[in-house]
Amino acid sequence: MAESGDKQNHRNPSQDIFKGLWEAKVVITIALLAVFVKLSYTNEQPSTAPTAQLVTTSEVVNYPDELIGKTVTVRSRPLQKVGLTSFTVSDRRFFGGDPILVINASGRPFDLPSDRENVIQVTGEVRDLAIAEIEQQYKLSLQDQYYQDYVNKPVIIARDIRLAPDATAITLR
């Protein structure tokens, strides 16, 4: 019995070192594989940012039920300023088309161009105007008196507002 206990205590130290190195290589290899899998998984994920549908202001006015809750991009000429953070746009300046209210929730001020012939591009969510909800959700302070004509009508809550790129400049690139 004593001999079997002595055999267990007399292990070859070089075998223990190689066994430890082998186990370390396996652990490191598994860790590296996990990192590579994680990196390739996150790089292949589709963008979670909603894609904006290009629409006209007439479509927003005429088909609001189809666009409420969707992110859209509108290219139009600005009509007039409404309150401190809003303005109206319309495709039909001379034929009496209903204007769409745009509320700037981008966090960046936007001054309407002095030349009303400049086209602006607005990207944002189409919603029914519910002043209290929009103020709370987007941390805005809207002056109720300016918005009474637009309550329960479709508006665009803009996340991006800019001068629209010139179509000829795009085709030249």
# chains A, B, ... in the order shown; residues from 1 in each chain; ligands from 1
>>> residues_around(residues="region 102-105 of chain A", least_positions_apart="4", cutoff="12 Å", atoms="only C-alpha atoms", output="ChimeraX atom specification")
/A:57,60,72-90,109-112,120-131,134-143,146-147,150,153-162
>>> atom_distance(atom1="CA of Val119 (chain A)", atom2="CA of Gly107 (chain A)")
20.9 Å
>>> closest_residue(among="A:Leu54, A:Thr71, A:Val35, A:Asp149", to="Pro99 (chain A)", atoms="only C-alpha atoms")
A:Asp149
>>> closest_residue(among="A:Ser106, A:Asp98, A:Asn152, A:Ala132", to="Ile68 (chain A)", atoms="only C-alpha atoms")
A:Asn152
